[in-house]
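Okay, model_27.txt is below, compact mmCIF, C-alpha atoms and all ligand atoms:
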# COMPACT_ATOMS: atom_id res chain seq x y z
CA MET A 1 0.00 0.00 0.00
CA SER A 2 2.76 2.40 0.93
CA ASP A 3 5.16 1.06 -1.68
CA HIS A 4 4.51 3.82 -4.14
CA LEU A 5 5.05 6.44 -1.43
CA VAL A 6 8.38 4.86 -0.58
CA GLU A 7 9.28 4.93 -4.27
CA LEU A 8 8.25 8.57 -4.45
CA ALA A 9 10.46 9.43 -1.47
CA LYS A 10 13.36 7.59 -3.08
CA SER A 11 12.88 9.56 -6.30
CA HIS A 12 13.65 12.72 -4.29
CA LEU A 13 16.62 11.06 -2.59
CA THR A 14 18.98 10.05 -5.38
CA ASN A 15 21.78 7.79 -4.13
CA ILE A 16 20.50 7.81 -0.54
CA PRO A 17 19.77 4.27 0.63
CA VAL A 18 16.86 4.60 3.06
CA SER A 19 14.94 2.16 5.24
CA LEU A 20 11.40 2.84 6.31
CA ILE A 21 11.01 2.70 10.09
CA SER A 22 7.60 4.19 10.60
CA GLN A 23 4.61 5.44 8.70
CA GLY A 24 1.98 7.78 10.09
CA ALA A 25 -0.93 9.64 8.59
CA GLU A 26 1.23 12.63 7.78
CA SER A 27 4.66 11.28 7.06
CA LEU A 28 7.04 8.43 6.37
CA ILE A 29 10.12 8.14 8.55
CA PHE A 30 13.30 6.66 7.11
CA THR A 31 16.75 6.11 8.50
CA THR A 32 19.90 6.26 6.43
CA THR A 33 23.61 6.00 7.09
CA THR A 34 24.37 8.47 4.27
CA HIS A 35 24.72 12.11 5.25
CA PRO A 36 23.43 14.54 2.59
CA TYR A 37 26.66 16.56 2.47
CA MET A 38 29.24 15.49 5.06
CA GLU A 39 31.55 12.56 4.52
CA THR A 40 30.35 10.34 7.35
CA SER A 41 33.08 9.72 9.85
CA ASP A 42 31.42 7.47 12.42
CA GLU A 43 30.63 3.94 11.34
CA GLY A 44 27.01 3.17 12.07
CA GLN A 45 25.96 6.81 12.38
CA GLN A 46 22.33 7.18 11.33
CA TYR A 47 20.18 10.07 10.17
CA ILE A 48 16.43 10.54 10.02
CA VAL A 49 14.68 11.46 6.79
CA LYS A 50 11.07 12.55 7.26
CA PHE A 51 8.96 12.64 4.12
CA ARG A 52 5.48 14.18 3.84
CA PRO A 53 3.95 12.61 0.75
CA PRO A 54 1.40 14.41 -1.43
CA LYS A 55 -2.23 13.72 -0.60
CA LYS A 56 -4.21 12.55 -3.60
CA TYR A 57 -7.53 13.98 -2.48
CA ARG A 58 -6.22 17.53 -2.39
CA HIS A 59 -5.81 19.86 -5.32
CA PRO A 60 -2.15 19.41 -6.40
CA GLN A 61 -1.21 23.06 -6.09
CA LEU A 62 -2.88 23.49 -2.74
CA ASP A 63 -1.36 20.21 -1.60
CA ALA A 64 2.15 21.33 -2.56
CA GLN A 65 1.63 24.52 -0.60
CA LEU A 66 0.36 22.71 2.48
CA THR A 67 3.16 20.16 2.39
CA LYS A 68 5.75 22.90 2.18
CA ARG A 69 4.07 24.86 4.94
CA ARG A 70 3.84 21.88 7.34
CA THR A 71 7.42 20.83 6.67
CA LEU A 72 8.64 24.35 7.35
CA ALA A 73 6.46 24.77 10.42
CA GLU A 74 8.01 21.68 11.99
CA ALA A 75 11.52 22.73 11.00
CA ARG A 76 11.04 26.22 12.43
CA LEU A 77 9.84 24.87 15.76
CA LEU A 78 12.94 22.68 15.93
CA GLN A 79 15.09 25.65 14.96
CA ARG A 80 13.64 27.71 17.80
CA LEU A 81 14.00 24.93 20.34
CA TYR A 82 17.43 23.59 19.44
CA GLY A 83 20.00 24.97 21.85
CA ALA A 84 17.40 26.54 24.17
CA ASP A 85 18.15 26.19 27.88
CA GLY A 86 17.07 22.88 29.36
CA ILE A 87 15.53 21.67 26.11
CA SER A 88 16.72 18.87 23.89
CA VAL A 89 15.40 18.24 20.37
CA PRO A 90 17.03 16.79 17.22
CA SER A 91 19.13 19.18 15.15
CA ILE A 92 18.22 19.99 11.56
CA ILE A 93 20.57 18.63 8.91
CA ALA A 94 18.80 19.61 5.70
CA VAL A 95 15.44 20.83 4.43
CA ASP A 96 13.90 20.20 1.00
CA ALA A 97 10.59 21.87 1.76
CA ARG A 98 9.31 21.77 -1.83
CA ASN A 99 9.44 17.98 -1.73
CA GLY A 100 8.29 17.74 1.90
CA ILE A 101 11.61 16.39 3.17
CA LEU A 102 13.28 17.09 6.49
CA TRP A 103 16.64 15.58 7.48
CA LEU A 104 17.19 15.31 11.24
CA GLU A 105 19.71 14.10 13.71
CA TYR A 106 18.96 10.53 14.80
CA ILE A 107 18.10 10.39 18.49
CA GLY A 108 18.43 7.40 20.77
CA GLN A 109 20.00 4.00 20.66
CA GLN A 110 19.04 0.35 20.98
CA ILE A 111 18.14 -0.93 24.46
CA GLU A 112 17.04 -4.42 25.47
CA ASN A 113 13.50 -4.08 24.17
CA GLY A 114 13.91 -1.77 21.18
CA VAL A 115 14.75 1.91 20.74
CA SER A 116 15.42 4.00 23.82
CA SER A 117 12.02 5.69 23.98
CA LEU A 118 10.48 6.54 27.32
CA LYS A 119 7.81 3.97 26.46
CA ASN A 120 10.29 1.12 26.12
CA TYR A 121 12.41 2.24 29.01
CA LEU A 122 9.47 2.22 31.41
CA TRP A 123 9.01 -1.47 30.63
CA LEU A 124 12.47 -2.41 31.86
CA GLU A 125 12.26 -3.74 35.40
CA ASP A 126 15.96 -3.21 36.01
CA SER A 127 15.88 0.52 35.44
CA LYS A 128 13.21 1.42 38.04
CA ALA A 129 15.69 3.36 40.13
CA ASP A 130 15.98 5.97 37.34
CA TYR A 131 12.29 6.57 36.77
CA GLU A 132 11.76 9.33 39.28
CA SER A 133 14.58 11.57 38.10
CA LEU A 134 13.83 10.81 34.48
CA LEU A 135 10.13 11.66 34.71
CA ARG A 136 10.96 14.83 36.61
CA ALA A 137 13.35 15.75 33.80
CA VAL A 138 10.63 15.12 31.22
CA GLY A 139 8.20 17.34 33.14
CA ASP A 140 10.81 20.05 33.49
CA MET A 141 11.51 20.02 29.74
CA ILE A 142 7.82 20.23 28.85
CA ALA A 143 7.43 23.20 31.18
CA ARG A 144 10.27 25.00 29.41
CA LEU A 145 8.73 24.18 26.05
CA HIS A 146 5.41 25.65 27.18
CA GLN A 147 7.09 28.71 28.60
CA MET A 148 8.55 29.36 25.17
CA GLY A 149 4.99 29.36 23.85
CA ILE A 150 5.36 26.05 22.05
CA VAL A 151 2.99 23.10 22.31
CA HIS A 152 4.12 19.67 21.16
CA GLY A 153 0.71 18.45 20.03
CA ASP A 154 1.43 14.73 20.23
CA LEU A 155 3.15 14.00 23.53
CA THR A 156 3.22 10.23 23.68
CA THR A 157 5.78 8.12 25.48
CA SER A 158 7.21 7.17 22.05
CA ASN A 159 7.87 10.80 21.26
CA VAL A 160 10.06 11.21 24.31
CA MET A 161 13.36 9.64 23.34
CA LEU A 162 16.15 8.97 25.79
CA GLN A 163 19.79 9.76 25.18
CA LYS A 164 22.68 8.65 27.26
CA HIS A 165 24.64 11.53 28.80
CA GLY A 166 27.53 9.78 30.48
CA SER A 167 25.84 7.16 32.63
CA GLN A 168 22.54 9.06 32.87
CA TRP A 169 19.55 8.96 30.56
CA ALA A 170 18.19 12.35 29.51
CA PRO A 171 14.98 13.07 27.59
CA CYS A 172 14.87 14.47 24.07
CA LEU A 173 11.57 15.47 22.48
CA ILE A 174 10.98 14.29 18.94
CA ASP A 175 8.26 14.63 16.30
CA PHE A 176 6.99 18.19 16.25
CA GLY A 177 4.86 17.38 13.21
CA LEU A 178 1.72 18.42 15.10
CA GLY A 179 3.45 21.13 17.11
CA PHE A 180 2.39 24.76 17.09
CA THR A 181 2.98 28.01 18.89
CA SER A 182 0.42 28.95 21.49
CA ASP A 183 0.23 30.76 24.75
CA LEU A 184 -3.18 29.43 25.68
CA VAL A 185 -3.33 27.52 28.98
CA GLU A 186 -5.87 25.22 27.35
CA ASP A 187 -3.34 24.03 24.74
CA LYS A 188 -0.67 23.41 27.36
CA ALA A 189 -3.10 21.60 29.64
CA VAL A 190 -4.19 19.34 26.80
CA ASP A 191 -0.54 18.64 25.93
CA LEU A 192 0.02 17.41 29.49
CA TYR A 193 -3.21 15.46 29.55
CA VAL A 194 -2.24 13.61 26.36
CA LEU A 195 1.00 12.51 28.01
CA GLU A 196 -0.80 11.49 31.17
CA ARG A 197 -3.18 9.32 29.14
CA ALA A 198 -0.28 7.82 27.22
CA ILE A 199 1.44 6.83 30.45
CA LEU A 200 -1.78 5.47 31.88
CA SER A 201 -2.46 3.33 28.85
CA THR A 202 1.04 1.94 28.43
CA HIS A 203 2.10 1.64 32.08
CA PRO A 204 -1.13 1.39 34.09
CA VAL A 205 0.29 -0.19 37.25
CA HIS A 206 2.56 2.64 38.34
CA SER A 207 1.00 5.45 36.36
CA ASP A 208 0.01 7.42 39.50
CA ASN A 209 3.61 7.64 40.61
CA TYR A 210 4.85 8.38 37.13
CA ASN A 211 2.39 11.19 36.64
CA SER A 212 3.09 12.80 39.97
CA TRP A 213 6.83 12.83 39.25
CA LEU A 214 6.10 14.28 35.85
CA MET A 215 3.98 17.04 37.43
CA GLU A 216 6.60 17.82 40.04
CA GLY A 217 9.13 18.28 37.26
CA TYR A 218 6.65 20.38 35.31
CA LYS A 219 6.15 22.63 38.34
CA LYS A 220 9.88 23.01 38.86
CA GLY A 221 10.41 23.85 35.20
CA TYR A 222 8.36 27.03 35.68
CA GLY A 223 10.99 28.35 38.08
CA LYS A 224 9.87 31.65 39.51
CA ASP A 225 6.85 31.73 37.25
CA GLN A 226 4.62 29.67 39.57
CA GLY A 227 1.60 31.82 38.70
CA LYS A 228 1.70 30.51 35.15
CA PHE A 229 2.14 26.99 36.44
CA LYS A 230 -0.98 27.30 38.60
CA GLN A 231 -3.05 28.56 35.66
CA VAL A 232 -2.07 25.55 33.59
CA MET A 233 -2.76 23.20 36.53
CA LYS A 234 -6.18 24.65 37.07
CA ARG A 235 -7.06 24.11 33.44
CA TYR A 236 -5.46 20.69 33.50
CA GLU A 237 -7.97 19.61 36.17
CA ASP A 238 -10.81 20.83 33.95
CA VAL A 239 -9.40 18.93 30.99
CA ARG A 240 -9.22 15.77 33.11
CA MET A 241 -12.82 16.21 34.20
CA ARG A 242 -13.95 16.62 30.62
CA GLY A 243 -11.97 13.51 29.74
CA ARG A 244 -13.62 11.53 32.50
CA LYS A 245 -17.11 12.66 31.52
CA ARG A 246 -16.40 11.72 27.96
CA SER A 247 -15.29 8.24 28.91
CA MET A 248 -18.35 7.79 31.16
CA LEU A 249 -20.58 8.60 28.23
CA GLY A 250 -18.69 5.88 26.38
CA MET B 1 44.84 19.47 1.68
CA SER B 2 41.83 20.73 -0.22
CA ILE B 3 38.55 18.82 -0.19
CA LYS B 4 37.03 17.25 -3.28
CA THR B 5 33.59 15.83 -2.77
CA VAL B 6 30.43 14.76 -4.56
CA LEU B 7 27.17 15.15 -2.67
CA PRO B 8 25.21 11.90 -3.11
CA GLN B 9 22.03 13.60 -4.31
CA PHE B 10 23.90 15.69 -6.89
CA PRO B 11 26.33 13.30 -8.62
CA GLN B 12 26.44 15.57 -11.68
CA PHE B 13 28.52 18.08 -9.71
CA THR B 14 31.97 17.80 -8.18
CA VAL B 15 32.74 20.27 -5.42
CA HIS B 16 36.26 21.49 -4.61
CA LEU B 17 37.03 23.46 -1.46
CA PHE B 18 40.32 25.27 -0.81
CA LYS B 19 41.61 27.47 1.92
CA PHE B 20 44.30 30.16 1.68
CA LYS B 21 46.05 32.31 4.20
CA ASN B 22 48.22 35.43 3.76
CA VAL B 23 46.36 36.36 0.60
CA THR B 24 47.78 39.60 -0.83
CA ASN B 25 45.60 40.34 -3.87
CA SER B 26 42.03 40.25 -2.55
CA LYS B 27 41.32 43.71 -3.92
CA GLU B 28 42.35 42.66 -7.41
CA ILE B 29 40.33 39.43 -7.16
CA LYS B 30 37.27 41.39 -6.16
CA GLN B 31 37.63 43.84 -9.03
CA ASN B 32 37.96 41.07 -11.60
CA LEU B 33 35.05 39.24 -10.02
CA ILE B 34 32.86 42.31 -10.41
CA LYS B 35 33.94 42.65 -14.06
CA GLY B 36 32.73 39.10 -14.62
CA ASP B 37 36.14 37.82 -15.71
CA LYS B 38 35.66 34.09 -16.41
CA ARG B 39 38.97 33.17 -14.77
CA TYR B 40 37.44 34.26 -11.47
CA ASP B 41 34.43 31.99 -11.57
CA PHE B 42 34.73 30.66 -8.00
CA SER B 43 33.04 31.32 -4.67
CA PHE B 44 35.53 33.54 -2.83
CA ILE B 45 34.49 33.45 0.81
CA ASN B 46 35.75 35.53 3.71
CA ALA B 47 37.10 32.78 5.99
CA GLN B 48 36.46 34.89 9.09
CA THR B 49 32.74 34.16 8.67
CA VAL B 50 33.08 30.39 8.57
CA LEU B 51 33.15 28.15 11.64
CA SER B 52 32.94 24.63 10.24
CA GLU B 53 33.04 22.38 7.23
CA GLU B 54 29.44 21.58 8.03
CA GLN B 55 28.52 25.24 7.54
CA LEU B 56 30.23 25.38 4.12
CA LEU B 57 28.87 22.11 2.81
CA SER B 58 25.40 22.85 4.10
CA ALA B 59 25.45 26.05 2.01
CA VAL B 60 26.71 24.10 -1.01
CA TYR B 61 23.87 21.61 -0.49
CA ARG B 62 21.31 24.40 -0.33
CA ALA B 63 22.72 26.05 -3.47
CA LEU B 64 22.69 22.78 -5.43
CA LEU B 65 19.17 21.95 -4.25
CA ASP B 66 17.89 25.38 -5.31
CA HIS B 67 19.84 25.17 -8.57
CA THR B 68 18.40 21.77 -9.52
CA GLN B 69 14.90 23.01 -8.61
CA ASP B 70 15.35 26.16 -10.73
CA LYS B 71 15.12 28.41 -7.71
CA ILE B 72 18.48 30.13 -7.58
CA ARG B 73 18.38 33.84 -6.91
CA THR B 74 21.82 34.96 -8.04
CA LYS B 75 23.64 34.81 -11.40
CA THR B 76 25.89 31.79 -10.92
CA ILE B 77 26.15 28.70 -8.77
CA HIS B 78 29.25 30.24 -7.20
CA SER B 79 27.54 33.42 -6.09
CA GLU B 80 24.60 31.30 -4.97
CA VAL B 81 26.85 29.39 -2.55
CA ILE B 82 27.79 32.67 -0.89
CA PHE B 83 24.17 33.78 -0.80
CA SER B 84 23.32 30.37 0.73
CA LEU B 85 25.66 31.05 3.64
CA SER B 86 23.46 33.97 4.60
CA PRO B 87 20.50 33.74 6.97
CA THR B 88 18.73 36.61 5.17
CA GLN B 89 17.23 37.26 1.75
CA ASN B 90 19.31 40.33 0.94
CA ILE B 91 21.78 39.31 -1.77
CA MET B 92 23.99 42.40 -1.61
CA ASP B 93 24.21 42.11 2.14
CA ALA B 94 25.08 38.40 1.87
CA LEU B 95 27.90 39.05 -0.61
CA ARG B 96 29.25 41.87 1.53
CA ARG B 97 29.20 39.85 4.73
CA PHE B 98 30.32 36.44 3.49
CA GLY B 99 32.17 37.26 0.27
CA ILE B 100 35.76 38.37 -0.25
CA GLN B 101 36.64 41.90 0.94
CA ASP B 102 39.42 44.17 -0.33
CA ASP B 103 41.46 43.45 2.77
CA SER B 104 40.70 39.70 3.17
CA THR B 105 43.78 37.63 3.95
CA ASP B 106 42.05 34.35 4.83
CA LEU B 107 39.98 32.98 1.99
CA ILE B 108 37.91 29.91 1.30
CA VAL B 109 37.58 29.18 -2.40
CA ILE B 110 34.92 26.85 -3.76
CA LYS B 111 34.69 25.53 -7.31
CA ILE B 112 31.76 23.46 -8.52
CA VAL B 113 32.33 21.65 -11.81
CA ASP B 114 30.35 19.33 -14.02
CA SER B 115 31.38 15.80 -12.97
CA ASN B 116 31.40 14.57 -16.56
CA SER B 117 33.49 17.29 -18.14
CA GLN B 118 37.14 17.13 -17.21
CA GLU B 119 36.95 20.90 -16.73
CA GLU B 120 40.27 22.35 -15.65
CA PHE B 121 40.51 25.38 -13.45
CA ASP B 122 43.37 27.56 -12.47
CA LEU B 123 43.77 28.79 -8.89
CA SER B 124 46.83 30.88 -9.64
CA VAL B 125 44.55 33.91 -9.56
CA VAL B 126 44.89 33.71 -5.76
CA GLU B 127 48.18 34.99 -4.43
CA GLY B 128 48.55 33.36 -1.05
CA GLU B 129 49.50 30.17 0.79
CA GLU B 130 47.21 27.20 0.45
CA VAL B 131 46.45 25.55 3.81
CA ASP B 132 44.41 22.55 5.01
CA ILE B 133 40.68 22.90 5.32
CA THR B 134 39.77 20.88 8.40
CA ASP B 135 37.43 22.13 11.11
CA GLU B 136 40.46 23.06 13.14
CA ASP B 137 41.90 25.23 10.37
CA LEU B 138 38.53 26.85 9.86
CA LYS B 139 38.20 27.61 13.57
CA SER B 140 41.63 29.22 13.62
CA SER B 141 40.59 31.93 11.16
CA ALA B 142 36.94 32.23 12.28
CA ILE B 143 35.90 35.35 14.15
CA LEU B 144 33.24 34.10 16.52
CA LYS B 145 31.89 37.51 17.33
CA THR B 146 31.23 38.24 13.66
CA ILE B 147 29.72 34.81 13.08
CA LYS B 148 27.35 35.13 16.02
CA LYS B 149 26.33 38.57 14.85
CA ASN B 150 25.76 37.44 11.26
CA TYR B 151 23.43 34.66 12.36
CA LYS B 152 22.02 36.41 15.45
CA LEU B 153 23.09 33.49 17.65
CA LYS B 154 24.73 33.38 21.03
CA SER B 155 25.55 29.82 22.00
CA GLU B 156 28.94 29.30 23.64
CA ASP B 157 29.01 25.67 22.55
CA LEU B 158 30.59 25.49 19.09
CA THR B 159 28.85 22.26 18.10
CA VAL B 160 25.47 23.72 19.01
CA LEU B 161 26.40 26.95 17.23
CA SER B 162 27.37 25.09 14.08
CA HIS B 163 24.08 23.15 14.10
CA GLN B 164 22.14 26.38 14.59
CA ILE B 165 23.98 27.90 11.63
CA VAL B 166 23.05 24.89 9.51
CA ALA B 167 19.38 25.36 10.42
CA ALA B 168 19.56 29.05 9.48
CA ILE B 169 21.13 28.17 6.12
CA GLN B 170 18.61 25.46 5.36
CA LEU B 171 15.61 27.60 6.27
CA ARG B 172 16.60 30.94 4.75
CA GLY B 173 13.70 32.67 3.02
CA LEU B 174 11.46 29.63 2.97
N1 LIG C 1 14.93 12.32 15.28
C1 LIG C 1 14.58 11.05 15.49
N2 LIG C 1 15.46 10.18 16.04
C2 LIG C 1 15.12 8.87 16.23
N3 LIG C 1 13.94 8.35 15.91
C3 LIG C 1 13.02 9.16 15.36
C4 LIG C 1 13.29 10.54 15.13
N4 LIG C 1 12.18 11.08 14.56
C5 LIG C 1 11.28 10.08 14.48
N5 LIG C 1 11.77 8.91 14.95
C6 LIG C 1 11.10 7.59 15.03
O1 LIG C 1 10.01 7.53 14.13
C7 LIG C 1 8.79 7.38 14.83
C8 LIG C 1 7.70 8.18 14.16
O2 LIG C 1 8.15 9.50 14.01
P1 LIG C 1 7.13 10.69 13.88
O3 LIG C 1 6.25 10.43 12.69
O4 LIG C 1 8.00 11.90 13.71
O5 LIG C 1 6.37 10.59 15.18
C9 LIG C 1 9.08 7.83 16.24
O6 LIG C 1 8.24 7.25 17.18
C10 LIG C 1 10.52 7.36 16.40
O7 LIG C 1 10.57 6.01 16.68
Now, as a test, write the supplied structure out as structure tokens.
Ligand SMILES: Nc1ncnc2c1ncn2[C@@H]1O[C@H](COP(=O)(O)O)[C@@H](O)[C@H]1O
Amino acid sequence: MSDHLVELAKSHLTNIPVSLISQGAESLIFTTTTHPYMETSDEGQQYIVKFRPPKKYRHPQLDAQLTKRRTLAEARLLQRLYGADGISVPSIIAVDARNGILWLEYIGQQIENGVSSLKNYLWLEDSKADYESLLRAVGDMIARLHQMGIVHGDLTTSNVMLQKHGSQWAPCLIDFGLGFTSDLVEDKAVDLYVLERAILSTHPVHSDNYNSWLMEGYKKGYGKDQGKFKQVMKRYEDVRMRGRKRSMLG
Amino acid sequence: MSIKTVLPQFPQFTVHLFKFKNVTNSKEIKQNLIKGDKRYDFSFINAQTVLSEEQLLSAVYRALLDHTQDKIRTKTIHSEVIFSLSPTQNIMDALRRFGIQDDSTDLIVIKIVDSNSQEEFDLSVVEGEEVDITDEDLKSSAILKTIKKNYKLKSEDLTVLSHQIVAAIQLRGL
């Protein structure tokens, strides 16, 4: 089904051997060991190529515009976030916006049960001792993101990747494909709620602990700006209530 | 040593990068460049504005991408490389900031040739000493203050800075 989309991506990526690792509604994600312009020095170094294919049901010209706009929107969010204090996101390697292609730094590594996403890491019994500091760090980073007026839009435990800094794991936020700029408490509260639900559904047994650590980190990330934190919290409770009502209605 | 490379997506082009120090005839080069003298068909870049190989090659990538998509904004691929180094859309400003100046002594010279033609080129137009073009050599002639000002960046970490420069180059005017 996706074969022709893979072929289309390859037609924009002459001489770049790519392997498909994920396909969503908006984009195809490939990895490659070929850098677009640097002679690769490290053996086994990988890069991410994100391709937004055209959508058949849209008018071609409008579609081309939208593809370009979404690709650039994601790239610009990453540009703003990369290097910001206390925030970690992949760096941009190259942008071919007209073809809907974004080249990014590859984040993470293999761990026992797959890639080093927060999702996989929380399944590893042996790493329990790290969970508290890690979840606090995730909360702290999300707070800083929100303080910059940026909302992730799809905060799942797969979109929080872990990177090894010395002997410590540190979070790195990936996939800003649904991200946007907003200063509305509602948008930030929903962002948090989405992550809470993701943790609840993938790690139900300890989710209460996990979420409280996350919130403590989120609070700390606001630093002196506790007023803003309280506003988001207040709305967050409303969002939870709405969520509960919705699930009661089935 | 100079660098000779082919970017995988653009096999039809071969890219040569050179670096010179103690250049004595920058003023003359610039004058001939403005006259459009064919012997001066290179990108002559003020090395003070360049921090890394990544920065240079990222600009080459952008120029080749725009060239192959019929989107270049300047007259030649060589001026386009200089324009590609810039974070802004102002061509004159880009050439002034990143291009050769009358008093430049450290130069980076880029030549892009058709991979199929055995096109010869003659670098004797540059009077200076050719040096290596590794990241270390680039850093030695880079003026960080100027670079940070050009890109409106302030990171103290050179790796982060270089990645931020790449993003600025890739996203210029889009
Ligand atoms: N920069 C990246 N580094 C490593 N893996 C990534 C990166 N971007 C995306 N992925 C992987 O691709 C999946 C889907 O990406 P996305 O469509 O951007 O959510 C993610 O869940 C990751 O497993």
Give the residue list for ligand LIG 1 (chain C) at 6 Å, counting only C-alpha atoms and all ligand atoms, as JSON, numbers by chain, sorted by chain and then by residue number. {"A": [22, 24, 27, 29, 48, 90, 104, 105, 106, 107, 108, 158, 159, 174, 175]}
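For Ser117 in chain B, the residues within 12 Å (counting only C-alpha atoms, excluding itself and residues fewer than 3 positions away along the chain) are Gln12, Phe13, Thr14, Ile112, Val113, Asp114, Glu120 and Phe121 of chain B.
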If we count all atoms listed in the file, which residues of chain B reach to within 12 Å of chain A? Please list them as a PDB file with C-alpha atoms, in the frame of the given file.
ATOM      1  CA  ILE B   3      38.550  18.820  -0.190  1.00  0.00           C
ATOM      2  CA  LYS B   4      37.030  17.250  -3.280  1.00  0.00           C
ATOM      3  CA  THR B   5      33.590  15.830  -2.770  1.00  0.00           C
ATOM      4  CA  VAL B   6      30.430  14.760  -4.560  1.00  0.00           C
ATOM      5  CA  LEU B   7      27.170  15.150  -2.670  1.00  0.00           C
ATOM      6  CA  PRO B   8      25.210  11.900  -3.110  1.00  0.00           C
ATOM      7  CA  GLN B   9      22.030  13.600  -4.310  1.00  0.00           C
ATOM      8  CA  PHE B  10      23.900  15.690  -6.890  1.00  0.00           C
ATOM      9  CA  PRO B  11      26.330  13.300  -8.620  1.00  0.00           C
ATOM     10  CA  GLN B  12      26.440  15.570 -11.680  1.00  0.00           C
ATOM     11  CA  THR B  14      31.970  17.800  -8.180  1.00  0.00           C
ATOM     12  CA  VAL B  15      32.740  20.270  -5.420  1.00  0.00           C
ATOM     13  CA  SER B  52      32.940  24.630  10.240  1.00  0.00           C
ATOM     14  CA  GLU B  53      33.040  22.380   7.230  1.00  0.00           C
ATOM     15  CA  GLU B  54      29.440  21.580   8.030  1.00  0.00           C
ATOM     16  CA  GLN B  55      28.520  25.240   7.540  1.00  0.00           C
ATOM     17  CA  LEU B  56      30.230  25.380   4.120  1.00  0.00           C
ATOM     18  CA  LEU B  57      28.870  22.110   2.810  1.00  0.00           C
ATOM     19  CA  SER B  58      25.400  22.850   4.100  1.00  0.00           C
ATOM     20  CA  ALA B  59      25.450  26.050   2.010  1.00  0.00           C
ATOM     21  CA  VAL B  60      26.710  24.100  -1.010  1.00  0.00           C
ATOM     22  CA  TYR B  61      23.870  21.610  -0.490  1.00  0.00           C
ATOM     23  CA  ARG B  62      21.310  24.400  -0.330  1.00  0.00           C
ATOM     24  CA  ALA B  63      22.720  26.050  -3.470  1.00  0.00           C
ATOM     25  CA  LEU B  64      22.690  22.780  -5.430  1.00  0.00           C
ATOM     26  CA  LEU B  65      19.170  21.950  -4.250  1.00  0.00           C
ATOM     27  CA  ASP B  66      17.890  25.380  -5.310  1.00  0.00           C
ATOM     28  CA  THR B  68      18.400  21.770  -9.520  1.00  0.00           C
ATOM     29  CA  GLN B  69      14.900  23.010  -8.610  1.00  0.00           C
ATOM     30  CA  ASP B  70      15.350  26.160 -10.730  1.00  0.00           C
ATOM     31  CA  LYS B  71      15.120  28.410  -7.710  1.00  0.00           C
ATOM     32  CA  LEU B 153      23.090  33.490  17.650  1.00  0.00           C
ATOM     33  CA  LYS B 154      24.730  33.380  21.030  1.00  0.00           C
ATOM     34  CA  SER B 155      25.550  29.820  22.000  1.00  0.00           C
ATOM     35  CA  GLU B 156      28.940  29.300  23.640  1.00  0.00           C
ATOM     36  CA  ASP B 157      29.010  25.670  22.550  1.00  0.00           C
ATOM     37  CA  LEU B 158      30.590  25.490  19.090  1.00  0.00           C
ATOM     38  CA  THR B 159      28.850  22.260  18.100  1.00  0.00           C
ATOM     39  CA  VAL B 160      25.470  23.720  19.010  1.00  0.00           C
ATOM     40  CA  LEU B 161      26.400  26.950  17.230  1.00  0.00           C
ATOM     41  CA  SER B 162      27.370  25.090  14.080  1.00  0.00           C
ATOM     42  CA  HIS B 163      24.080  23.150  14.100  1.00  0.00           C
ATOM     43  CA  GLN B 164      22.140  26.380  14.590  1.00  0.00           C
ATOM     44  CA  ILE B 165      23.980  27.900  11.630  1.00  0.00           C
ATOM     45  CA  VAL B 166      23.050  24.890   9.510  1.00  0.00           C
ATOM     46  CA  ALA B 167      19.380  25.360  10.420  1.00  0.00           C
ATOM     47  CA  ALA B 168      19.560  29.050   9.480  1.00  0.00           C
ATOM     48  CA  ILE B 169      21.130  28.170   6.120  1.00  0.00           C
ATOM     49  CA  GLN B 170      18.610  25.460   5.360  1.00  0.00           C
ATOM     50  CA  LEU B 171      15.610  27.600   6.270  1.00  0.00           C
ATOM     51  CA  ARG B 172      16.600  30.940   4.750  1.00  0.00           C
ATOM     52  CA  GLY B 173      13.700  32.670   3.020  1.00  0.00           C
ATOM     53  CA  LEU B 174      11.460  29.630   2.970  1.00  0.00           C
TER      54      LEU B 174
END
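Among A:Gln163, A:Lys188, A:Ile87, A:Asp3, the residue with the shortest atom-to-atom distance to Val115 in chain A, counting all atoms listed in the file, is A:Gln163.
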How many Å lie between CA of Thr74 in chain B and CA of Asp106 in chain B, rounded to one decimal?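 Distance between the two atoms: 24.0 Å.
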Using all atoms listed in the file, which residues sit within 9 Å of range 34-40 of chain B once same-chain residues fewer than 5 positions away are excluded, as a PyMOL selection string? chain B and resi 29+121-123+125
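Coordinates place CA of Thr33 in chain A at a distance of 26.7 Å from CA of Lys111 in chain B.
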Let me make sure I understand: among B:Ile72, B:Phe20, B:Gln89, B:Val131, which one has the smallest atom-to-atom distance to Phe44 in chain B if we use all atoms listed in the file?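 For Phe44 in chain B, the nearest of the given residues is B:Phe20.
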Spatial neighbours of Ile108 in chain B, 7 Å, all atoms listed in the file, chain gap at least 3 places, as a list of chain:residue names: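 These residues fall inside the cut-off: B:Phe18, B:Lys19, B:Phe20, B:Phe44, B:Ile45, B:Asn46, B:Ala47.
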Any idea what's packed within 8 Å of Thr146 in chain B, counting only C-alpha atoms, ignoring anything in its chain fewer than 4 positions away? Could you give it as a ChimeraX atom specification? /B:48-49,150
Could you tell me how far CA of Asn116 in chain B sits from CA of Ile100 in chain B, in Å to one decimal place? 29.2 Å
Report as an MDAnalysis selection string all protein, DNA and RNA residues lying within 10 Å of Asp103 in chain B, evaluated on all atoms listed in the file, omitting residues in the same chain fewer than 6 positions from it. chainID B and resid 23:27 46
Using all atoms listed in the file, the shortest atom-to-atom distance to Ser2 in chain B among B:Thr105, B:His16, B:Arg73, B:Ile143 belongs to B:His16
